[in-house]
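Some notes on the structure that comes next.
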Amino acid sequence: MPDRLGLLRKGAAAALLCAGAMWGAYTAAQTAAEQAFAQAVERLRAALPPDVVLEHGAVAADPVSGRITVADVAFGPRADPQERIRAPRVVLEGLRANGGGIGSLNAENITLTILDLGRPHRMAALGSLRATGLSLPERGQPFDPAAMLLDSLEAADISLTPVNRNREPSGRIGRIAIAGIGGDRPDRIEIEGLDLRIPELGFGDGLRIGRAGAENMRALPLVLALAAGTPPQPPPGVSRLSVEGLSVQDGSRAVLSVGRVASEGEAIGGSPTRLRGRLSVEGVEIAIPPELGPFSLGYSSIRASIGLAVEAETAAGDWNLQEFRLALPDVGTLELALQMTGLGADPAVDAMRTGRLHGFTLRYTDAGLVARALEQGAKQGGMRAEELRRQIVEAAPMLFSGPGADGNVAALRRFLERPGTIELTARLPAPVRFSDLEREGNAGPDRLLRLLNIGVTAR
């Protein structure tokens with residue numbers, strides 16, 4: 001019996017020692033977690049301007065999971081305690097020592113309150129906010145935003161309720177997400193469910209976007225460069241931008257809608273001044289205001305798509321417009337290719353003197369515009385459309401003279417008599433200064449067309 005009691009005593013003592021060790025480890029880990037939080041707050045406060053404060057309530061640390069829960073976080077001007085960004089509860093995980101960053105941050109029901117005539121007004125609210133992988137410069141180094149890294153940030157259910165809705169934007173944004181911010185990483189930005197009323201938009205009073213996205217924009221260096229007033233450097237690789245489901249509203253009526261916009265650009269060979277870009281715009285529809293009357297040519301709306309491809313050397317001002325295409329069903333399609341050089345960015349240089357036109361091709365394919373224009377023009381002049389067509393055909397020789405004039409006039413007449421495709425080409429034997437184009441243009445259209453050596457074809 002004494003031996004059994006001795007064994008029990010020894011076992012109880014060992015259990016107590018083990019429990020004490022575990023409690024000590026738990027307490028030490030909890031203290032370390034709270035200390036890491038205090039260091040993070042201290043680091044953030046040191047980076048804030050003196051007139052901005054960061055406040056918080058109770059802090060609960062769970063050393064097992066590494067989770068820290070902070071109550072009543074508030075951020076705002078020191079002089080106005082009621083003007084604050086507030087989050088009732090913020091959960092932090094993976095806090096790094098010495099305020100070096102966090103693994104993740106989660107918060108819900110965030111509000112922005114300002115004072116309006118002495119009364120608090122909730123100007124904005126976020127349903128939820130989540131950030132992951134925030135890295136800051138080492139302790140002792142300057143708090144340089146350019147050295148920050150952020151793996152992801154997502155805000156959802158954003159609402160804007162300004163004091164003056166007749167002058168400031170109001171509405172909601174379903175979601176904003178960014179990823180890969182900072183460092184030499186291709187970032188990504190997404191916006192979904194944007195529905196804003198913008199009273200001073202100028203063309204309508206509301207803006208809606210189903211989804212917008214950007215890739216490899218290098219947003220952080222871009223923002224820092226713009227803030228410093230320096231030109232941003234193009235990022236390495238291809239950058240892309242897309243917008244889907246865009247519309248401009250006038251009340252409940254869409255005055256402009258766009259199905260999809262997509263663009264991409266890159267620096268050729270890594271050079272910051274040699275750029276290549278493409279743009280496509282699909283599913284455009286524009287309502288024609290009734291106030292245009294006869295100038296609308298009977299169109300109640302215009303549908304369109306746009307394509308663009310260009311290469312440029314921006315330092316020298318060399319531009320090669322490889323393709324511009326504007327397609328308007330029920331109207332026509334306009335296509336242009338153009339090459340220019342010498343339009344440098346230096347404001348001290350006279351671009352009209354140094355700039356040169358190397359040539360262009362302009363093509364138009366009719367889809368009903370010519371007939372409508374002749375009909376409306378004839379009505380305005382009190383004649384029939386055929387009479388107006390004949391007058392224009394008879395005046396065609398006034399536009400051209402010199403070698404090739406007869407062929408140009410014949411092509412123009414064929415197009416007017418049976419509208420199809422007409423093409424104008426500047427067949428320049430050598431590049432022409434823009435100052436020479438201006439001078440000849442002032443002398444008359446015939447002089448300008450002869451300088452450009454315009455050739456006209458119709459089919």
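We label chains A, B, ... in the order they appear in the structure tokens, count residues from 1 in each chain, and number ligands from 1 in the order shown.
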To test your reading of the structure, identify every residue in segment 79-188 of chain A that backbone DSSP assigns to strand (DSSP E), and report it as a PyMOL selection string.
chain A and resi 84-93+101-116+119-135+149-160+170-181+188
Would you mind writing down, as a ChimeraX atom specification, each residue of segment 88-236 of chain A that DSSP on the backbone assigns to helix (DSSP H, G or I)?
/A:97-99,145-147,219-228
